[in-house]
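Peer 1: Got a file for you: coords06.tsv, TSV, C-alpha atoms and all ligand atoms.
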```
chain	number	residue	atom	x	y	z
A	434	MET	CA	10.75	5.03	29.10
A	435	SER	CA	12.52	4.60	25.81
A	436	LEU	CA	11.18	3.84	22.37
A	437	GLN	CA	13.30	0.68	22.43
A	438	GLU	CA	10.77	-0.93	24.78
A	439	ILE	CA	7.63	-0.24	22.76
A	440	GLN	CA	5.88	-3.48	21.88
A	441	PRO	CA	4.04	-4.23	18.63
A	442	LEU	CA	0.39	-3.21	18.44
A	443	SER	CA	-2.28	-5.85	18.28
A	444	PHE	CA	-5.86	-5.34	17.16
A	445	PRO	CA	-8.82	-7.67	17.75
A	446	GLY	CA	-9.42	-9.78	14.68
A	447	VAL	CA	-5.99	-9.12	13.15
A	448	GLU	CA	-3.86	-12.26	13.29
A	449	ASP	CA	-0.38	-12.04	14.74
A	450	GLY	CA	2.08	-11.42	11.91
A	451	ALA	CA	-0.60	-10.45	9.39
A	452	PRO	CA	-0.34	-6.89	8.07
A	453	ILE	CA	-2.45	-4.41	10.04
A	454	ILE	CA	-4.85	-2.71	7.65
A	455	ILE	CA	-6.38	0.62	8.62
A	456	ALA	CA	-8.76	1.94	5.98
A	457	GLY	CA	-11.39	4.59	5.57
A	458	PRO	CA	-11.99	7.94	3.95
A	459	CYS	CA	-9.64	10.88	4.19
A	460	SER	CA	-12.55	12.77	5.76
A	461	ALA	CA	-15.86	11.88	7.30
A	462	GLU	CA	-18.15	14.04	5.15
A	463	THR	CA	-21.65	12.86	5.99
A	464	ALA	CA	-23.10	10.17	8.24
A	465	GLN	CA	-24.16	8.26	5.13
A	466	GLN	CA	-20.77	8.38	3.39
A	467	THR	CA	-19.00	7.36	6.59
A	468	LEU	CA	-21.28	4.41	7.26
A	469	ASP	CA	-21.52	3.24	3.65
A	470	THR	CA	-17.73	3.16	3.38
A	471	ALA	CA	-17.34	1.48	6.76
A	472	ARG	CA	-19.90	-1.23	5.99
A	473	ALA	CA	-18.14	-2.14	2.75
A	474	LEU	CA	-14.74	-2.21	4.44
A	475	SER	CA	-15.97	-4.27	7.37
A	476	LYS	CA	-17.58	-6.77	5.01
A	477	MET	CA	-14.21	-7.44	3.39
A	478	GLY	CA	-12.51	-7.99	6.73
A	479	VAL	CA	-10.98	-4.62	7.62
A	480	LYS	CA	-10.85	-4.32	11.42
A	481	VAL	CA	-9.71	-0.74	11.90
A	482	PHE	CA	-11.53	2.24	10.40
A	483	ARG	CA	-10.07	5.70	9.84
A	484	ALA	CA	-11.74	9.01	9.04
A	485	GLY	CA	-10.60	12.58	9.63
A	486	VAL	CA	-13.03	15.06	11.14
A	487	TRP	CA	-10.54	17.90	11.59
A	488	LYS	CA	-8.58	18.37	8.38
A	489	PRO	CA	-5.43	20.45	8.27
A	490	ARG	CA	-5.55	22.03	4.80
A	491	THR	CA	-2.66	23.82	3.21
A	492	MET	CA	-4.81	26.65	1.88
A	493	PRO	CA	-7.69	28.36	3.64
A	494	GLY	CA	-10.96	27.68	1.93
A	495	GLY	CA	-10.28	23.96	1.51
A	496	PHE	CA	-12.55	21.46	3.24
A	497	GLU	CA	-11.51	21.62	6.87
A	498	GLY	CA	-13.59	18.71	8.07
A	499	VAL	CA	-16.98	18.52	9.74
A	500	GLY	CA	-15.49	18.84	13.24
A	501	ASP	CA	-17.06	17.36	16.40
A	502	ARG	CA	-20.23	16.64	14.44
A	503	GLY	CA	-18.45	13.70	12.76
A	504	LEU	CA	-17.46	11.91	15.96
A	505	PRO	CA	-20.89	10.27	16.51
A	506	TRP	CA	-20.70	8.94	12.93
A	507	LEU	CA	-17.44	7.18	13.81
A	508	MET	CA	-18.98	5.81	16.98
A	509	ALA	CA	-21.92	4.53	14.95
A	510	VAL	CA	-19.41	2.69	12.75
A	511	LYS	CA	-17.90	1.14	15.87
A	512	ARG	CA	-21.29	0.08	17.23
A	513	GLU	CA	-22.57	-1.31	13.98
A	514	THR	CA	-19.47	-3.04	12.59
A	515	GLY	CA	-17.33	-3.66	15.68
A	516	MET	CA	-14.36	-2.07	13.95
A	517	MET	CA	-11.97	0.04	16.01
A	518	VAL	CA	-12.17	3.67	14.98
A	519	ALA	CA	-9.39	6.18	14.42
A	520	THR	CA	-9.27	9.91	13.81
A	521	GLU	CA	-6.64	12.64	13.52
A	522	VAL	CA	-6.10	15.12	16.34
A	523	ALA	CA	-4.03	18.27	16.16
A	524	THR	CA	-4.98	20.27	19.26
A	525	ALA	CA	-5.84	19.69	22.93
A	526	GLU	CA	-9.44	20.53	22.07
A	527	HIS	CA	-9.54	17.74	19.46
A	528	VAL	CA	-8.09	15.25	21.94
A	529	ARG	CA	-10.71	16.12	24.57
A	530	SER	CA	-13.58	15.80	22.09
A	531	ALA	CA	-12.28	12.53	20.62
A	532	MET	CA	-11.71	10.98	24.06
A	533	ASP	CA	-15.14	12.12	25.30
A	534	ALA	CA	-16.74	10.54	22.24
A	535	GLY	CA	-14.95	7.21	22.85
A	536	ILE	CA	-12.66	7.10	19.80
A	537	ASP	CA	-10.18	4.17	20.13
A	538	ILE	CA	-7.22	5.40	18.12
A	539	LEU	CA	-5.85	8.92	17.75
A	540	TRP	CA	-3.29	9.82	15.16
A	541	MET	CA	-1.20	12.94	14.80
A	542	GLY	CA	-0.79	14.15	11.23
A	543	ALA	CA	2.38	15.25	9.51
A	544	ARG	CA	1.82	18.94	10.17
A	545	THR	CA	1.29	18.28	13.86
A	546	SER	CA	4.21	15.93	14.45
A	547	ALA	CA	6.43	18.66	12.97
A	548	ASN	CA	5.35	20.96	15.80
A	549	PRO	CA	6.80	20.14	19.23
A	550	PHE	CA	4.47	22.60	21.00
A	551	ALA	CA	1.40	20.90	19.58
A	552	MET	CA	2.83	17.45	20.33
A	553	GLN	CA	3.54	18.39	23.94
A	554	GLU	CA	0.09	19.89	24.40
A	555	ILE	CA	-1.46	16.67	23.13
A	556	ALA	CA	0.86	14.48	25.19
A	557	ASP	CA	-0.05	16.37	28.39
A	558	LEU	CA	-3.70	15.52	27.85
A	559	LEU	CA	-3.00	11.86	27.17
A	560	HIS	CA	-1.49	11.24	30.62
A	561	GLY	CA	-3.41	8.48	32.35
A	562	HIS	CA	-5.23	7.36	29.18
A	563	ASP	CA	-3.17	4.30	28.46
A	564	GLU	CA	-6.20	2.52	27.02
A	565	LEU	CA	-5.82	4.68	23.92
A	566	THR	CA	-3.84	3.69	20.86
A	567	VAL	CA	-1.78	6.53	19.43
A	568	LEU	CA	-0.19	6.70	15.99
A	569	VAL	CA	2.29	9.40	15.02
A	570	LYS	CA	2.76	10.18	11.35
A	571	ASN	CA	6.15	11.39	10.21
A	572	PRO	CA	6.62	15.18	10.18
A	573	VAL	CA	6.26	16.91	6.80
A	574	ASN	CA	10.00	17.55	6.67
A	575	PRO	CA	12.47	14.65	6.48
A	576	ASP	CA	13.78	15.00	10.02
A	577	LEU	CA	14.09	11.74	11.91
A	578	ASP	CA	14.76	13.49	15.23
A	579	LEU	CA	11.54	15.45	14.98
A	580	TRP	CA	9.64	12.21	14.43
A	581	LEU	CA	11.47	10.50	17.30
A	582	GLY	CA	10.81	13.49	19.55
A	583	ALA	CA	7.10	13.46	18.78
A	584	LEU	CA	6.92	9.72	19.56
A	585	GLN	CA	8.96	10.17	22.73
A	586	ARG	CA	6.59	12.89	24.02
A	587	ILE	CA	3.65	10.50	23.68
A	588	ARG	CA	5.66	7.70	25.24
A	589	ASN	CA	6.59	9.95	28.18
A	590	ALA	CA	2.87	10.51	28.75
A	591	GLY	CA	2.61	6.82	29.62
A	592	ILE	CA	1.05	5.67	26.35
A	593	THR	CA	2.21	2.13	25.63
A	594	ARG	CA	-0.02	1.40	22.63
A	595	LEU	CA	2.07	3.53	20.33
A	596	GLY	CA	2.95	3.21	16.64
A	597	ALA	CA	4.24	5.26	13.72
A	598	VAL	CA	2.91	5.90	10.22
A	599	HIS	CA	5.19	6.69	7.30
A	600	ARG	CA	3.45	9.03	4.82
A	601	GLY	CA	6.41	10.53	2.97
A	602	PHE	CA	7.87	14.03	3.04
A	603	SER	CA	7.09	17.30	1.31
A	604	SER	CA	9.69	18.28	-1.23
A	605	ALA	CA	10.19	21.04	-3.74
A	606	GLY	CA	9.98	20.36	-7.45
A	607	ALA	CA	8.36	17.68	-9.53
A	608	HIS	CA	8.37	14.18	-8.13
A	609	LEU	CA	6.71	10.99	-9.17
A	610	TYR	CA	4.87	10.86	-5.87
A	611	ARG	CA	2.98	13.48	-3.90
A	612	ASN	CA	5.25	12.97	-0.91
A	613	ASP	CA	8.79	11.78	-1.32
A	614	PRO	CA	9.12	8.43	0.53
A	615	GLN	CA	12.82	8.75	1.54
A	616	TRP	CA	12.52	5.19	2.79
A	617	HIS	CA	15.78	5.34	4.70
A	618	ILE	CA	14.09	7.51	7.35
A	619	PRO	CA	11.54	4.90	8.51
A	620	PHE	CA	14.38	2.36	8.25
A	621	GLU	CA	16.34	4.50	10.68
A	622	LEU	CA	13.28	4.84	12.92
A	623	ARG	CA	13.19	1.05	13.12
A	624	ARG	CA	16.69	1.05	14.57
A	625	HIS	CA	15.53	3.31	17.41
A	626	ALA	CA	12.31	1.39	18.08
A	627	PRO	CA	12.94	-2.19	16.93
A	628	ASP	CA	9.60	-3.66	18.00
A	629	MET	CA	7.30	-0.69	17.50
A	630	THR	CA	4.59	-1.04	14.87
A	631	ILE	CA	5.45	1.04	11.82
A	632	LEU	CA	2.74	1.36	9.20
A	633	CYS	CA	2.98	2.81	5.72
A	634	ASP	CA	0.43	5.21	4.22
A	635	PRO	CA	0.70	4.63	0.46
A	636	SER	CA	-2.23	6.99	-0.22
A	637	HIS	CA	-0.47	10.12	1.00
A	638	ILE	CA	2.90	9.02	-0.40
A	639	GLY	CA	1.54	8.30	-3.88
A	640	GLY	CA	-1.10	11.01	-4.07
A	641	LYS	CA	-2.78	9.17	-6.95
A	642	ARG	CA	-4.92	6.08	-6.77
A	643	GLU	CA	-2.90	4.21	-9.39
A	644	TYR	CA	0.13	4.15	-7.08
A	645	VAL	CA	-1.62	2.70	-4.03
A	646	GLY	CA	-1.30	-0.96	-5.02
A	647	SER	CA	2.37	-0.98	-5.94
A	648	LEU	CA	3.36	1.17	-2.97
A	649	SER	CA	1.45	-1.16	-0.64
A	650	GLN	CA	3.35	-4.17	-1.91
A	651	LEU	CA	6.64	-2.30	-1.73
A	652	ALA	CA	5.91	-1.30	1.87
A	653	LEU	CA	5.22	-4.89	2.92
A	654	ASP	CA	8.32	-6.08	1.10
A	655	MET	CA	10.32	-3.56	3.08
A	656	GLY	CA	9.01	-4.90	6.35
A	657	PHE	CA	6.33	-2.37	7.32
A	658	ASP	CA	3.85	-3.90	9.75
A	659	GLY	CA	0.78	-2.75	7.90
A	660	LEU	CA	-0.90	-0.06	5.84
A	661	MET	CA	-3.12	2.94	6.35
A	662	ILE	CA	-5.08	3.38	3.13
A	663	GLU	CA	-7.66	6.00	2.20
A	664	SER	CA	-10.86	4.47	0.88
A	665	HIS	CA	-14.08	6.30	0.03
A	666	CYS	CA	-17.40	4.94	-1.27
A	667	SER	CA	-17.31	7.49	-4.13
A	668	PRO	CA	-13.76	8.79	-4.39
A	669	ASP	CA	-14.39	11.16	-7.29
A	670	GLN	CA	-16.84	13.08	-5.14
A	671	ALA	CA	-14.55	13.16	-2.07
A	672	LEU	CA	-14.17	16.58	-0.47
A	673	SER	CA	-10.48	16.02	0.33
A	674	ASP	CA	-7.71	14.00	-1.31
A	675	SER	CA	-10.03	12.81	-4.05
A	676	ALA	CA	-7.26	11.74	-6.47
A	677	GLN	CA	-5.70	9.27	-4.04
A	678	GLN	CA	-8.78	7.63	-2.56
A	679	ILE	CA	-9.93	4.25	-3.80
A	680	THR	CA	-13.24	2.43	-3.52
A	681	PRO	CA	-13.58	-0.41	-1.03
A	682	ASP	CA	-13.83	-2.71	-4.06
A	683	SER	CA	-10.46	-1.55	-5.39
A	684	LEU	CA	-8.98	-1.91	-1.95
A	685	LYS	CA	-10.27	-5.46	-1.81
A	686	VAL	CA	-8.48	-6.29	-5.07
A	687	ILE	CA	-5.25	-4.73	-3.79
A	688	LEU	CA	-5.42	-6.61	-0.48
A	689	GLU	CA	-6.18	-9.90	-2.19
A	690	HIS	CA	-3.10	-9.53	-4.35
A	691	LEU	CA	-0.71	-8.46	-1.62
A	692	VAL	CA	2.06	-10.97	-1.08
A	693	VAL	CA	3.24	-11.22	2.51
A	694	ARG	CA	6.85	-12.35	2.46
A	695	SER	CA	9.11	-12.96	5.38
A	696	GLY	CA	12.81	-12.30	5.77
A	697	THR	CA	13.07	-8.73	4.56
A	698	PRO	CA	13.18	-6.82	7.82
A	699	LEU	CA	13.01	-3.05	7.77
A	700	ASP	CA	16.46	-2.82	9.31
A	701	ASP	CA	18.16	-4.96	6.67
A	702	GLU	CA	21.36	-3.07	5.88
A	703	LEU	CA	21.49	-3.87	2.17
A	704	ALA	CA	17.81	-3.09	1.64
A	705	LEU	CA	18.37	0.23	3.34
A	706	LEU	CA	21.24	1.14	1.07
A	707	ARG	CA	19.37	0.02	-2.05
A	708	GLN	CA	16.42	2.08	-1.03
A	709	GLN	CA	18.61	5.15	-0.75
A	710	ILE	CA	19.84	4.47	-4.28
A	711	ASP	CA	16.25	4.21	-5.49
A	712	ASP	CA	15.40	7.48	-3.76
A	713	CYS	CA	18.37	9.20	-5.42
A	714	ASP	CA	17.35	7.91	-8.85
A	715	HIS	CA	13.79	9.12	-8.35
A	716	GLU	CA	15.17	12.55	-7.52
A	717	LEU	CA	17.56	12.51	-10.48
A	718	LEU	CA	14.79	11.68	-12.93
A	719	ALA	CA	12.48	14.33	-11.48
A	720	VAL	CA	15.24	16.95	-11.77
A	721	LEU	CA	15.96	15.91	-15.36
A	722	ALA	CA	12.29	16.18	-16.26
A	723	ARG	CA	12.20	19.67	-14.74
A	724	ARG	CA	15.32	20.68	-16.65
A	725	MET	CA	13.87	19.52	-19.96
A	726	SER	CA	10.72	21.44	-19.36
A	727	VAL	CA	12.78	24.61	-18.81
A	728	SER	CA	14.68	23.77	-22.03
A	729	ARG	CA	11.45	23.64	-24.00
A	730	GLU	CA	10.50	27.01	-22.54
A	731	ILE	CA	13.86	28.42	-23.65
A	732	GLY	CA	13.33	26.86	-27.08
A	733	ARG	CA	10.04	28.72	-27.46
A	734	PHE	CA	11.65	31.97	-26.31
A	735	LYS	CA	14.55	31.66	-28.77
A	736	LYS	CA	12.18	30.85	-31.60
A	737	SER	CA	9.98	33.85	-30.95
A	738	HIS	CA	13.03	36.10	-30.73
A	739	ASN	CA	14.72	34.58	-33.74
A	740	LEU	CA	17.76	33.37	-31.76
A	741	ARG	CA	20.02	30.39	-32.58
A	742	VAL	CA	19.36	27.29	-30.48
A	743	VAL	CA	23.01	26.57	-29.65
A	744	GLN	CA	25.15	29.46	-28.52
A	745	PRO	CA	28.73	28.17	-28.30
A	746	GLN	CA	29.94	30.65	-25.66
A	747	ARG	CA	27.08	29.75	-23.32
A	748	TYR	CA	27.85	26.05	-23.80
A	749	GLN	CA	31.56	26.52	-23.02
A	750	ASP	CA	30.76	28.53	-19.89
A	751	MET	CA	28.26	25.95	-18.74
A	752	ILE	CA	30.65	23.01	-19.10
A	753	LYS	CA	33.35	24.94	-17.26
A	754	SER	CA	31.12	25.83	-14.34
A	755	ARG	CA	29.69	22.30	-14.05
A	756	LEU	CA	33.19	20.78	-14.06
A	757	SER	CA	34.30	23.02	-11.25
A	758	GLU	CA	31.13	22.34	-9.23
A	759	GLY	CA	31.62	18.62	-9.84
A	760	GLU	CA	35.20	18.81	-8.66
A	761	GLN	CA	34.10	20.35	-5.37
A	762	LEU	CA	31.66	17.47	-4.96
A	763	GLU	CA	34.47	14.99	-5.68
A	764	LEU	CA	32.97	13.78	-8.92
A	765	HIS	CA	35.37	12.63	-11.64
A	766	PRO	CA	35.67	15.32	-14.39
A	767	ASP	CA	35.25	12.77	-17.23
A	768	PHE	CA	32.07	11.55	-15.65
A	769	VAL	CA	30.69	15.09	-15.18
A	770	GLN	CA	31.60	15.99	-18.75
A	771	ARG	CA	29.85	12.93	-20.19
A	772	ILE	CA	26.69	13.55	-18.16
A	773	ILE	CA	26.50	17.25	-18.97
A	774	GLN	CA	27.10	16.57	-22.67
A	775	ALA	CA	24.33	14.00	-22.74
A	776	ILE	CA	21.96	16.34	-20.94
A	777	HIS	CA	22.85	19.23	-23.23
A	778	GLU	CA	22.32	17.09	-26.32
A	779	GLU	CA	18.85	16.09	-25.16
A	780	SER	CA	18.12	19.68	-24.20
A	781	VAL	CA	18.99	20.89	-27.72
A	782	ARG	CA	16.76	18.17	-29.16
A	783	GLN	CA	13.91	19.32	-26.94
A	784	GLN	CA	14.43	22.97	-27.96
A	785	LEU	CA	14.27	22.02	-31.60
B	801	LIG	C1	-4.74	12.19	6.52
B	801	LIG	O1	-4.36	11.08	6.96
B	801	LIG	O2	-5.81	12.38	5.95
B	801	LIG	C2	-3.78	13.30	6.61
B	801	LIG	C3	-4.15	14.57	6.59
B	801	LIG	O3	-2.53	12.86	6.66
B	801	LIG	P1	-1.10	13.59	6.66
B	801	LIG	O4	-0.97	14.22	8.01
B	801	LIG	O5	-0.22	12.43	6.45
B	801	LIG	O6	-1.08	14.58	5.54
B	802	MN	MN	-5.98	12.56	3.38
```
Just dump the structure as structure tokens.
Ligand code: PEP
Ligand code: MN
Peer 2:
Amino acid sequence: MSLQEIQPLSFPGVEDGAPIIIAGPCSAETAQQTLDTARALSKMGVKVFRAGVWKPRTMPGGFEGVGDRGLPWLMAVKRETGMMVATEVATAEHVRSAMDAGIDILWMGARTSANPFAMQEIADLLHGHDELTVLVKNPVNPDLDLWLGALQRIRNAGITRLGAVHRGFSSAGAHLYRNDPQWHIPFELRRHAPDMTILCDPSHIGGKREYVGSLSQLALDMGFDGLMIESHCSPDQALSDSAQQITPDSLKVILEHLVVRSGTPLDDELALLRQQIDDCDHELLAVLARRMSVSREIGRFKKSHNLRVVQPQRYQDMIKSRLSEGEQLELHPDFVQRIIQAIHEESVRQQL
């Protein structure tokens, strides 16, 4: 059973070809917050509701979700609004509880899909439950094989209603977004699973609410089949991922302005290459910003120690070492020299 054969997901009430919108809070916090958010989303036409009850947090002490207690709240949403309901599972215990409660859609988060043991444990429990819809988010690290492997484990368990969610990748250093999109990876995934539904999660990629709209449009333009967006009735009070959650009203505005174009498939060769260029430029700019911030730090140090800003020997050594590094990377020496000079000039300006 290969990923090549996976068919697109369909959801009641979502027209064929229209983007699939999954929305709801990062976490179900209280029955009231869950229902209030769901009612607002349902009223504007959202057909699939998401809410996490088990939250993998990077640091202990963060809000780890309400646990099993939240499952009846999701089921109440389903009963009252008719929306399909989705939650994140990370262990066999979660899967059992979610299936017993009657949850329609299970998704595996980025920390889980990075862990083959956890994925296999979950897959083993899913055998024979082909009524379930399963979504696999990309692993935290930019490793296409790990993502493919996680999907394949679920597929091997006989799940046919299977899709993927792109939520970006952790990366060191300052970046514009919370999680680096590295769009070429979902593009590559498309080549391995041409018909499988691939959604984009602009909330976890952007990490800030102001990025959700533009990332959503970008995702559709790149041929994603839909969006998973975090929406909370009072985002500023949210117990997890507060900065990236948007109100149902804001989501409505975003959805109303989304332009659905055709003819830009996710496997378009040129789009893939351009996206890689965009990713590189994002990285370049983030690295430059980091470098300038170190320069300012050095500037303060030199000032407090009464040192000259430009020290010629240091500059000579730096140019020499960069030229030799550049040569090893097959970059033209004139090009490297021009870039390093420009960076150094700006760095001196910052130090002053
Ligand atoms: C989430 O969807 O709330 C979540 C925790 O996602 P991710 O696994 O992408 O971080
Ligand atoms: Mn979240």
Peer 1: Check the smallest atom-to-atom distance from each of A:His625, A:Arg490, A:Lys511, A:His637 to ligand MN 802 (chain B) using only C-alpha atoms and all ligand atoms, then report the winner.
Peer 2: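 Using only C-alpha atoms and all ligand atoms, ligand MN 802 (chain B) sits closest to A:His637.
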Peer 1: Just give me the residues with any atom within 12 Å of (-17.5, -4.7, 2.1), file coordinates, counting all atoms listed in the file, written as a list of chain:residue names.
Peer 2: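 The requested residues, written out, are A:Ala456, A:Gly457, A:Leu468, A:Asp469, A:Thr470, A:Ala471, A:Arg472, A:Ala473, A:Leu474, A:Ser475, A:Lys476, A:Met477, A:Gly478, A:Val479, A:Lys480, A:Thr514, A:Ser664, A:His665, A:Cys666, A:Thr680, A:Pro681, A:Asp682, A:Ser683, A:Leu684, A:Lys685, A:Val686.
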Peer 1: Taking 4 positions as the minimum chain separation for residues in the same chain, which residues sit within 9 Å of Asp537 in chain A when counting all atoms listed in the file? Answer as number ranges by chain.
Peer 2: A: 517-520, 531-532, 564-567
Peer 1: Could you name the residues that touch Val598 in chain A at 9 Å or less, counting only C-alpha atoms, but leaving out those on the same chain fewer than 5 positions away, as a VMD selection string?
Peer 2: chain A and resid 540 568 to 571 619 630 to 634 660 to 661
Peer 1: Which residues of chain A come within 12 Å of ligand MN 802 (chain B), and what is each one's closest atom pair and distance in Å (one decimal), counting all atoms listed in the file, sorted by chain and residue number, as a tab-separated table?
Peer 2:
```
residue	atom	partner	partner_atom	distance
A:Ala456	CA	B:MN802	MN	11.3
A:Gly457	CA	B:MN802	MN	9.9
A:Pro458	CA	B:MN802	MN	7.6
A:Cys459	CA	B:MN802	MN	4.1
A:Ser460	CA	B:MN802	MN	7.0
A:Ala461	CA	B:MN802	MN	10.7
A:Arg483	CA	B:MN802	MN	10.3
A:Ala484	CA	B:MN802	MN	8.8
A:Gly485	CA	B:MN802	MN	7.8
A:Val486	CA	B:MN802	MN	10.8
A:Trp487	CA	B:MN802	MN	10.8
A:Lys488	CA	B:MN802	MN	8.1
A:Pro489	CA	B:MN802	MN	9.3
A:Arg490	CA	B:MN802	MN	9.6
A:Thr491	CA	B:MN802	MN	11.7
A:Phe496	CA	B:MN802	MN	11.1
A:Glu497	CA	B:MN802	MN	11.2
A:Gly498	CA	B:MN802	MN	10.9
A:Thr520	CA	B:MN802	MN	11.3
A:Glu521	CA	B:MN802	MN	10.2
A:Gly542	CA	B:MN802	MN	9.5
A:Ala543	CA	B:MN802	MN	10.7
A:Arg600	CA	B:MN802	MN	10.2
A:Arg611	CA	B:MN802	MN	11.6
A:Asp634	CA	B:MN802	MN	9.8
A:Pro635	CA	B:MN802	MN	10.8
A:Ser636	CA	B:MN802	MN	7.6
A:His637	CA	B:MN802	MN	6.5
A:Ile638	CA	B:MN802	MN	10.3
A:Gly639	CA	B:MN802	MN	11.3
A:Gly640	CA	B:MN802	MN	9.0
A:Lys641	CA	B:MN802	MN	11.3
A:Met661	CA	B:MN802	MN	10.5
A:Ile662	CA	B:MN802	MN	9.2
A:Glu663	CA	B:MN802	MN	6.9
A:Ser664	CA	B:MN802	MN	9.8
A:His665	CA	B:MN802	MN	10.8
A:Pro668	CA	B:MN802	MN	11.6
A:Ala671	CA	B:MN802	MN	10.2
A:Leu672	CA	B:MN802	MN	9.9
A:Ser673	CA	B:MN802	MN	6.4
A:Asp674	CA	B:MN802	MN	5.2
A:Ser675	CA	B:MN802	MN	8.5
A:Ala676	CA	B:MN802	MN	10.0
A:Gln677	CA	B:MN802	MN	8.1
A:Gln678	CA	B:MN802	MN	8.2
A:Ile679	CA	B:MN802	MN	11.7
```
Peer 1: Return the single residue from A:Pro572, A:Ser530, A:Asp501, A:Ser754 that is closest to ligand LIG 801 (chain B), with distances computed using only C-alpha atoms and all ligand atoms.
Peer 2: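 Ranking A:Pro572, A:Ser530, A:Asp501, A:Ser754 by distance to ligand LIG 801 (chain B), first place goes to A:Pro572.
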Peer 1: Under the rule that all atoms listed in the file are counted, which of A:Ile773, A:Val522, A:Leu595, A:Val781 is the nearest residue to Met629 in chain A?
Peer 2: A:Leu595
Peer 1: Just need the box for ligand LIG 801 (chain B), edges along x, y and z, holding every atom the file lists for it with 4 Å tacked onto each side, so centre and edge lengths in Å to one decimal, as AutoDock Vina command-line options.
Peer 2:
```
--center_x -3.0 --center_y 12.8 --center_z 6.8 --size_x 13.6 --size_y 11.5 --size_z 10.5
```
Peer 1: Once you count all atoms listed in the file, which residues end up no further than 10 Å from (6.9, -2.6, 19.4) in the file's frame, shown as a list in words?
Peer 2: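 Using all atoms listed in the file, the matching residues come out as Leu436, Gln437, Glu438, Ile439, Gln440, Pro441, Leu442, Ser443, Thr593, Arg594, Leu595, Gly596, Arg623, Ala626, Pro627, Asp628, Met629, Thr630 and Ile631 of chain A.
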Peer 1: Between A:Lys753, A:Arg544, A:Arg694, A:His608, single out the one closest to ligand LIG 801 (chain B), counting all atoms listed in the file.
Peer 2: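 Among the listed residues, A:Arg544 lies closest to ligand LIG 801 (chain B).
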Peer 1: Check the smallest atom-to-atom distance from each of A:Leu762, A:Leu579, A:Ala451, A:Ala597 to ligand LIG 801 (chain B) using all atoms listed in the file, then report the winner.
Peer 2: A:Ala597
Peer 1: Measuring atom to atom with all atoms listed in the file, identify which of A:Pro766, A:Gly601, A:Gly656, A:Gly606 is nearest to ligand LIG 801 (chain B).
Peer 2: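 Comparing A:Pro766, A:Gly601, A:Gly656, A:Gly606 against ligand LIG 801 (chain B), the winner is A:Gly601.
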Peer 1: So that I can check the surroundings of Glu462 in chain A, please list as a list in words every protein, DNA and RNA residue that reaches within 7 Å of it, counting all atoms listed in the file and ignoring chain neighbours fewer than 3 positions away.
Peer 2: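 Neighbouring residues, sequence-local ones excluded: Gln466, Thr467 and Val499 of chain A.
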Peer 1: Grab the CA of Ala722 in chain A to atom P1 of ligand LIG 801 (chain B) distance for me, in Å with one decimal place.
Peer 2: 26.7 Å
Peer 1: Could you list, as a list in words, every residue within 12 Å of Arg529 in chain A, counting all atoms listed in the file and ignoring same-chain residues fewer than 6 positions away?
Peer 2: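 Contacts, with the query itself left out: Asp501, Leu504, Val522, Ala523, Gly535, Ile536, Leu539, Glu554, Ile555, Ala556, Asp557, Leu558, Leu559 and His562 of chain A.
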Peer 1: Work out how far apart CA of His599 in chain A and CA of Pro614 in chain A are and give it in Å to one decimal.
Peer 2: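 Going from CA of His599 in chain A over to CA of Pro614 in chain A covers 8.0 Å.
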Peer 1: State, in Å with one decimal place, the distance from CA of Ala775 in chain A to CA of Leu721 in chain A.
Peer 2: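 For CA of Ala775 in chain A relative to CA of Leu721 in chain A, the distance reads 11.3 Å.
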